[in-house]
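Taking it in order: structure first as structure tokens, then the write-up.
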Amino acid sequence: MRLTLVHPCVGRRRGQSYIRTWQMEPLAPATLAGLTPRDRDTQIRFYDDRTEAIAFDEPTDVVAMSVETYTAKRSHQIASEFRRRGVPVIMGGFHRTLVPDEASEYAESIVIGEAEGLWPKVIDDFRNGRLQTVYRQPQRPSLSGLRPDRSIFAGKRYLPVGLVEAGRGCHFRCEFCAIQTYFANTQTRRPVDEIIDEIRRVKKPLIFFVDDNITSNMDQAKEFFRALIPLKVRWVSQASINAAHDEEFLRLIKASGCQGLLIGFETLNPENLRKMRKTFNMMAGGYEKALANLKRHEIRLYVTFILGYDEDNGDTLEETLAFAERHKFYIVAFNHLTPFPGTPLYDRLQREGRLLYDRWWLDPDYRYGMVPFAPRGMTADEVKQRCIEARQRFYGIRSIFKRSLDFKVNSRNWCMWSHLFSINLLFRAEVLQRKDFPLGDESYDAPLVKADHGSDSRIRRAV
């Protein structure tokens, strides 16, 4: 069996290559490769649509893609090219689970939910000519035994960062977050000894634990950090701000090599936090107390803010930007609110008649950075422009220099100082690179080819 794994890119401007600033090894295809049952005839090829041309004419038996909302349009184009050559396509991932009916139009088979325990059956069914239209994960599977196959990355150029998954999911119920829908407000974690073994094999100068919230199960997280200390690795991850009030947690992440955390502050407005279902952001003294704790333990921060909630207005940007610069955050993302399908936010905006597109991720007029709903305190275009302005100002040379003077956290030595400058300059370059970026390849003008589930033949119809 010849299996081709594809990682779709977000899109591509006509005649231009994809943005090449932040390409890390994609973990999803490596996970699928590791779950694929092998025999002596099994061949697995991998193509990263962000960095290389896909060999559509290369002989293969089946194609598999993990799809996110921003890559949905491009995944349909890729699937059409394989289907035009008579090759069946299997799709899974977040978006395909959240919008399964859409996926069935462009794939012979879709996998709803996590792949562990299910993917081997999909492959076995395909090998025996009984591939089903839909495979549904009945429950949260165990992550024990998970072993991504990174051999598929051989010969490809990525950042020297090792992506490792320690846990999956989050117990919080944030209104805008697709994670809470996909994992039903739960988290599963891998056995500590298996994570440690994988870290030893990765051998990269920096480990990125891709967990949705590495602190979601605090007791198990602390057990993991204790086991991590002897390895003397450097790592970053994502966490919720409530963890900043746990002194033992702060001591353990520092001792285990934490270089920084991505934390979603989202907004400074308490009423917005209430609508987001993130009032825990204000617990135990709120942001100021949490930031003092994190700074005392020298934890650098990648902070995210969201603009476009109902209480936001023309003054929100100035307040948020001043807050970010006063605290000298290492990196900040100023994002507009995005209603992802399947989230409580999407359902609410749909009920209120505020969505501007039927399916914004597929609409030919939608571009990256556009606001796909009608905000209350500003227009959609005002929100978009203010996010761009915030990024331009925060990543201006003067702002970068001022933040580099934080010798307590950001720039404790010359090496750290230079790293801050180089990373912030990369973000500065991306501000306008991503502005109005198309979803899907805008030069793709062939008709999309839909799956024909009503026939066993390999003939497909173009639409």
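For the structure tokens, the naming scheme is as follows: chains receive sequential letters (A, B, ...) according to their order of presentation, residues are indexed from 1 within each chain, and ligands are indexed from 1 in presentation order.
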
Secondary structure check, alpha helix (DSSP H) residues of range 234-335 of chain A, as a ChimeraX atom specification: /A:247-255,270-276,286-296,316-326

Residues within 7 Å of Phe208 in chain A, only C-alpha atoms, excluding chain neighbours under 2 positions, as a PyMOL selection string: chain A and resi 161-164+206+210+235-237

Check the smallest atom-to-atom distance from each of A:Glu298, A:Asp310, A:Glu58, A:Glu266 to Asn410 in chain A using only C-alpha atoms, then report the winner.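 Checking each of A:Glu298, A:Asp310, A:Glu58, A:Glu266 against Asn410 in chain A, counting only C-alpha atoms, the winner is A:Glu298.
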
Within 10 Å of Arg150 in chain A, counting only C-alpha atoms, which residues qualify if same-chain residues fewer than 3 places away don't, as a list in words?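 The contact residues come out as Glu25, Pro26, Leu27, Pro29, Ala30, Thr31, Ala33, Gly34, Arg147, Phe153, Ala154 and Val202 of chain A.
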
Against range 380-385 of chain A, which residues of range 281-332 of chain A fall within 12 Å? For each one I want the closest pair of atoms and the distance in Å (one decimal), counting only C-alpha atoms, rows by chain and increasing residue number, as a tab-separated table.
```
residue	atom	partner	partner_atom	distance
A:Ile306	CA	A:Val383	CA	10.0
A:Leu307	CA	A:Val383	CA	6.7
A:Gly308	CA	A:Val383	CA	6.2
A:Tyr309	CA	A:Val383	CA	9.9
A:Asp310	CA	A:Val383	CA	11.6
A:Asp312	CA	A:Val383	CA	9.3
A:Asn313	CA	A:Val383	CA	8.9
A:Gly314	CA	A:Glu382	CA	8.5
A:Asp315	CA	A:Val383	CA	11.5
A:Thr316	CA	A:Val383	CA	10.3
A:Leu317	CA	A:Val383	CA	9.4
```

My list of candidates is A:His76, A:Arg277, A:Lys435, A:Arg300. Which is closest to Leu261 in chain A when distances are computed with only C-alpha atoms? A:Arg300

So which one's closest to Leu3 in chain A, A:Asp39, A:Glu318, A:Asp436, A:Asp61? Using only C-alpha atoms, please.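 Under the stated criterion, the closest residue is A:Asp61.
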
Excluding Val233 in chain A and its own-chain neighbours fewer than 2 positions away, which residues fall within 8 Å of it when counting only C-alpha atoms? Please give them as a PyMOL selection string. chain A and resi 205-207+228-229+231+235+256-257

Considering only C-alpha atoms, can you say which of A:Asn424, A:Thr36, A:Gln23, A:Thr338 comes closest to Leu146 in chain A?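 Among A:Asn424, A:Thr36, A:Gln23, A:Thr338, it is A:Thr36 that comes nearest to Leu146 in chain A.
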
Taking the backbone alone, and naming residues the way the document does, which bits of range 140-302 of chain A are strand (DSSP E) by DSSP, as a ChimeraX atom specification? /A:161-164,167-169,187-189,206-209,235-239,258-266,300-302

Listing only residues of range 323-350 of chain A within 10 Å of range 393-406 of chain A, what is the closest atom pair and its distance in Å (to one decimal) for each, using only C-alpha atoms, sorted by chain and residue number ascending, as CSV?
```
residue,atom,partner,partner_atom,distance
A:Ala324,CA,A:Phe394,CA,8.2
A:Glu325,CA,A:Ser399,CA,7.3
A:Arg326,CA,A:Arg403,CA,8.8
A:His327,CA,A:Arg403,CA,8.4
A:Lys328,CA,A:Arg403,CA,4.8
A:Phe329,CA,A:Arg403,CA,7.1
A:Tyr330,CA,A:Arg403,CA,7.2
A:Ile331,CA,A:Tyr395,CA,8.8
A:Val332,CA,A:Phe394,CA,7.8
A:Ala333,CA,A:Phe394,CA,9.5
A:Phe334,CA,A:Phe394,CA,9.4
```

For Ile19 in chain A, which residue among A:Asn293, A:Ser443, A:Gln433, A:Thr186 is the nearest when counting only C-alpha atoms?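 Smallest distance to Ile19 in chain A is found for A:Gln433.
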
Nearest to Gln16 in chain A by atom-to-atom distance, counting only C-alpha atoms, from A:Arg50, A:Arg234, A:Arg251, A:Arg45: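 Checking each candidate against Gln16 in chain A, we get A:Arg50 as the closest.
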
Just give me the gap between CA of Lys156 in chain A and CA of Asp445 in chain A in Å, one decimal is fine.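 CA of Lys156 in chain A sits 28.6 Å away from CA of Asp445 in chain A.
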
When you draw a straight line from CA of Glu116 in chain A to CA of Arg189 in chain A, how long is it in Å?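 Going from CA of Glu116 in chain A over to CA of Arg189 in chain A, I get 13.0 Å.
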
Please indicate the distance in Å from CA of Asp57 in chain A to CA of Ile90 in chain A, rounded to one decimal place.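 Distance between the two atoms: 17.7 Å.
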